[in-house]
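Colleague: Structure below; questions to follow.
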Amino acid sequence: MSGFVEKPEPVQVPGLTHLHTGKVRDLYRDETGNLVMVASDRMSAYDWVLPTEIPDKGRVLTQLSLWWFDRLADLAPHHVLSTDLPAGAPADWAGRTLICKSLNMVPVECVARGYLTGSGLVEYEESRTVCGLALPEGLADGSELPAPIFTPATKAAVGDHDENVSYEEVARQVGAETAARLRQTTLAVYSRARDIARERGIILADTKFEFGFDGEALVLADEVLTPDSSRFWPADQWQPGRAQPSYDKQFVRDWLTSPASGWDRKSEQPPPALPQEVVEATRGKYIEAYERLTGNTWS
């Protein structure tokens, strides 16, 4: 059992049709057919959407995505049409809402890895491969890979795990030409972002992208290069052979699996509410990532 601890009711806005409530984002369609994407402050961990929100999280994700979209547009166009607030929308939507082009979405999570960790590390320790790609001996948690690799995954419903798949499986699902374009664009965007982050003292260990088609054009969609979709590590603390400190929800994961939470991850019971100190520490990490990457002060 997993999913929402408390599934929110969608906000009703005149002229908008609610389409979907995701882990973080709520999706609407406006009267012109464009999508309205609203990033909430919801936090997910261990396949649960938690009952406690992280203030400003949705705005950080939205503003950071916009910053990255501007720096990647020559490699891949994006789906954002406007950041204007729809008429009648609540004031709280300001800064967290994107009006986006409706795309024919590709049903693949396009993951790029430049460092070994997470599910990639688990597979590597079993078979010296990640998504079927052979890697050299001697790598450890946090090791930099010889070159970035494309390690796609299937897109899961709320409460389910994304599942790593081989490139061959992606080609079977979407066709060889589309699979090749996804791999090429994913690695090009990752490499650009990795270099930008590195200049700012941050390692981009891995990230995932979503793409859709606008006619024949392959377009970046959803969020991009945020602490929710990427692993960012402080470069000055990088030390292969151990888990790396990161700019993401690690405070939340650590507390949920600690005795202090009283929660058994293997049980069917939903996780408890987060204590204030975990909320504040997590909010601080998201804002620190935004400020270090963009050079802007969060306000």
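Just remember, in the structure tokens the first chain shown is A, the second B, etc., residues are 1-based per chain, and ligands are 1-based in the order shown.
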List every residue of region 120-278 of chain A that DSSP, applied to the backbone of this structure, places in strand (DSSP E or B), and write the result as number ranges by chain.

Modeller: A: 129-130, 133-134, 144-150, 153-154, 163-164, 202-214, 217-221, 230-234

Colleague: Need to verify the contact set: region 272-282 of chain A, 9 Å, only C-alpha atoms, exclusion of same-chain residues closer than 2 positions in sequence. Can you return it as number ranges by chain?

Modeller: A: 5, 50-55, 247-252, 255-256, 261-263, 269-270, 284-287

Colleague: Could you check the closest approach to Ala147 (chain A) for each of A:Gly114, A:Leu81, A:Gly175, A:Leu121 and tell me which residue wins, using only C-alpha atoms?

Modeller: A:Gly114

Colleague: Residues of region 30-273 of chain A classed as helix (DSSP H, G or I) by DSSP on the backbone are to be reported as a PyMOL selection string.

Modeller: chain A and resi 57-72+91-93+118-127+167-174+176-199+235-237+250-256+259-261

Colleague: At most 6 Å is the cut-off: for each residue in region 157-236 of chain A with any atom that close to an atom of region 67-80 of chain A, write down the nearest atom pair and the distance in Å rounded to one decimal, counting only C-alpha atoms, chain first then increasing number, as CSV.

Modeller:
residue,atom,partner,partner_atom,distance
A:Val219,CA,A:Pro77,CA,5.1
A:Leu220,CA,A:His78,CA,4.6
A:Ala221,CA,A:His79,CA,5.5

Colleague: Could you list, as a count of residues only, every residue within 12 Å of Leu145 (chain A), counting only C-alpha atoms and ignoring same-chain residues fewer than 3 positions away?

Modeller: 27

Colleague: Residues within 6 Å of region 27-40 of chain A, please, as a PyMOL selection string. Count only C-alpha atoms; anything in the same chain fewer than 2 positions from it doesn't count.

Modeller: chain A and resi 15-20+24-25+42+58+96-102

Colleague: What does the file look like for those residues with N, CA, C and O atoms, as a PDB file, in the first residue's frame?

Modeller:
ATOM      1  N   GLY A  15     -13.181  28.191 -15.856  1.00  0.00           N
ATOM      2  CA  GLY A  15     -12.468  28.133 -17.127  1.00  0.00           C
ATOM      3  C   GLY A  15     -11.371  27.086 -17.182  1.00  0.00           C
ATOM      4  O   GLY A  15     -10.793  26.862 -18.243  1.00  0.00           O
ATOM      5  N   LEU A  16     -11.074  26.445 -16.047  1.00  0.00           N
ATOM      6  CA  LEU A  16     -10.060  25.392 -16.015  1.00  0.00           C
ATOM      7  C   LEU A  16     -10.704  24.050 -15.697  1.00  0.00           C
ATOM      8  O   LEU A  16     -11.559  23.957 -14.806  1.00  0.00           O
ATOM      9  N   THR A  17     -10.289  23.025 -16.404  1.00  0.00           N
ATOM     10  CA  THR A  17     -10.757  21.667 -16.146  1.00  0.00           C
ATOM     11  C   THR A  17      -9.638  20.877 -15.485  1.00  0.00           C
ATOM     12  O   THR A  17      -8.531  20.770 -16.049  1.00  0.00           O
ATOM     13  N   HIS A  18      -9.899  20.350 -14.294  1.00  0.00           N
ATOM     14  CA  HIS A  18      -8.877  19.571 -13.592  1.00  0.00           C
ATOM     15  C   HIS A  18      -8.680  18.238 -14.299  1.00  0.00           C
ATOM     16  O   HIS A  18      -9.642  17.514 -14.580  1.00  0.00           O
ATOM     17  N   LEU A  19      -7.424  17.900 -14.588  1.00  0.00           N
ATOM     18  CA  LEU A  19      -7.093  16.659 -15.290  1.00  0.00           C
ATOM     19  C   LEU A  19      -6.457  15.617 -14.392  1.00  0.00           C
ATOM     20  O   LEU A  19      -6.723  14.421 -14.530  1.00  0.00           O
ATOM     21  N   HIS A  20      -5.579  16.077 -13.469  1.00  0.00           N
ATOM     22  CA  HIS A  20      -4.771  15.086 -12.735  1.00  0.00           C
ATOM     23  C   HIS A  20      -4.165  15.723 -11.493  1.00  0.00           C
ATOM     24  O   HIS A  20      -3.743  16.889 -11.529  1.00  0.00           O
ATOM     25  N   VAL A  24       3.332  15.927  -6.883  1.00  0.00           N
ATOM     26  CA  VAL A  24       3.654  17.325  -6.578  1.00  0.00           C
ATOM     27  C   VAL A  24       2.769  18.278  -7.367  1.00  0.00           C
ATOM     28  O   VAL A  24       2.316  19.281  -6.836  1.00  0.00           O
ATOM     29  N   ARG A  25       2.494  17.970  -8.632  1.00  0.00           N
ATOM     30  CA  ARG A  25       1.811  18.920  -9.508  1.00  0.00           C
ATOM     31  C   ARG A  25       0.349  18.581  -9.738  1.00  0.00           C
ATOM     32  O   ARG A  25      -0.015  17.410  -9.806  1.00  0.00           O
ATOM     33  N   ARG A  42       3.714  19.840  -1.860  1.00  0.00           N
ATOM     34  CA  ARG A  42       3.678  18.457  -1.379  1.00  0.00           C
ATOM     35  C   ARG A  42       5.062  17.817  -1.465  1.00  0.00           C
ATOM     36  O   ARG A  42       5.866  18.142  -2.347  1.00  0.00           O
ATOM     37  N   GLY A  58       7.106  24.313  -4.074  1.00  0.00           N
ATOM     38  CA  GLY A  58       6.578  24.380  -5.436  1.00  0.00           C
ATOM     39  C   GLY A  58       7.096  25.579  -6.201  1.00  0.00           C
ATOM     40  O   GLY A  58       7.356  25.499  -7.414  1.00  0.00           O
ATOM     41  N   ARG A  96       4.162  29.601  -8.988  1.00  0.00           N
ATOM     42  CA  ARG A  96       4.224  28.140  -9.043  1.00  0.00           C
ATOM     43  C   ARG A  96       3.419  27.578 -10.219  1.00  0.00           C
ATOM     44  O   ARG A  96       3.204  26.372 -10.305  1.00  0.00           O
ATOM     45  N   THR A  97       2.960  28.476 -11.109  1.00  0.00           N
ATOM     46  CA  THR A  97       2.053  28.080 -12.176  1.00  0.00           C
ATOM     47  C   THR A  97       2.674  28.345 -13.544  1.00  0.00           C
ATOM     48  O   THR A  97       3.229  29.414 -13.789  1.00  0.00           O
ATOM     49  N   LEU A  98       2.566  27.353 -14.428  1.00  0.00           N
ATOM     50  CA  LEU A  98       3.052  27.485 -15.798  1.00  0.00           C
ATOM     51  C   LEU A  98       1.919  27.163 -16.764  1.00  0.00           C
ATOM     52  O   LEU A  98       1.215  26.161 -16.586  1.00  0.00           O
ATOM     53  N   ILE A  99       1.748  28.016 -17.766  1.00  0.00           N
ATOM     54  CA  ILE A  99       0.859  27.706 -18.879  1.00  0.00           C
ATOM     55  C   ILE A  99       1.720  27.036 -19.944  1.00  0.00           C
ATOM     56  O   ILE A  99       2.724  27.606 -20.391  1.00  0.00           O
ATOM     57  N   CYS A 100       1.342  25.831 -20.327  1.00  0.00           N
ATOM     58  CA  CYS A 100       2.221  25.016 -21.161  1.00  0.00           C
ATOM     59  C   CYS A 100       1.497  24.513 -22.408  1.00  0.00           C
ATOM     60  O   CYS A 100       0.284  24.300 -22.409  1.00  0.00           O
ATOM     61  N   LYS A 101       2.280  24.292 -23.443  1.00  0.00           N
ATOM     62  CA  LYS A 101       1.763  23.692 -24.671  1.00  0.00           C
ATOM     63  C   LYS A 101       1.414  22.223 -24.403  1.00  0.00           C
ATOM     64  O   LYS A 101       2.146  21.503 -23.719  1.00  0.00           O
ATOM     65  N   SER A 102       0.283  21.789 -24.919  1.00  0.00           N
ATOM     66  CA  SER A 102      -0.098  20.394 -24.806  1.00  0.00           C
ATOM     67  C   SER A 102       0.707  19.572 -25.808  1.00  0.00           C
ATOM     68  O   SER A 102       0.746  19.899 -26.999  1.00  0.00           O
TER      69      SER A 102
END

Colleague: Just want the 9 Å neighbourhood of Pro14 (chain A), counted on only C-alpha atoms, with same-chain residues fewer than 3 positions away dropped. Output as a ChimeraX atom specification.

Modeller: /A:17,87-89

Colleague: One decimal, in Å: what's the spacing between CA of Val189 (chain A) and CA of Pro152 (chain A)?

Modeller: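 Those two atoms sit 14.7 Å apart.
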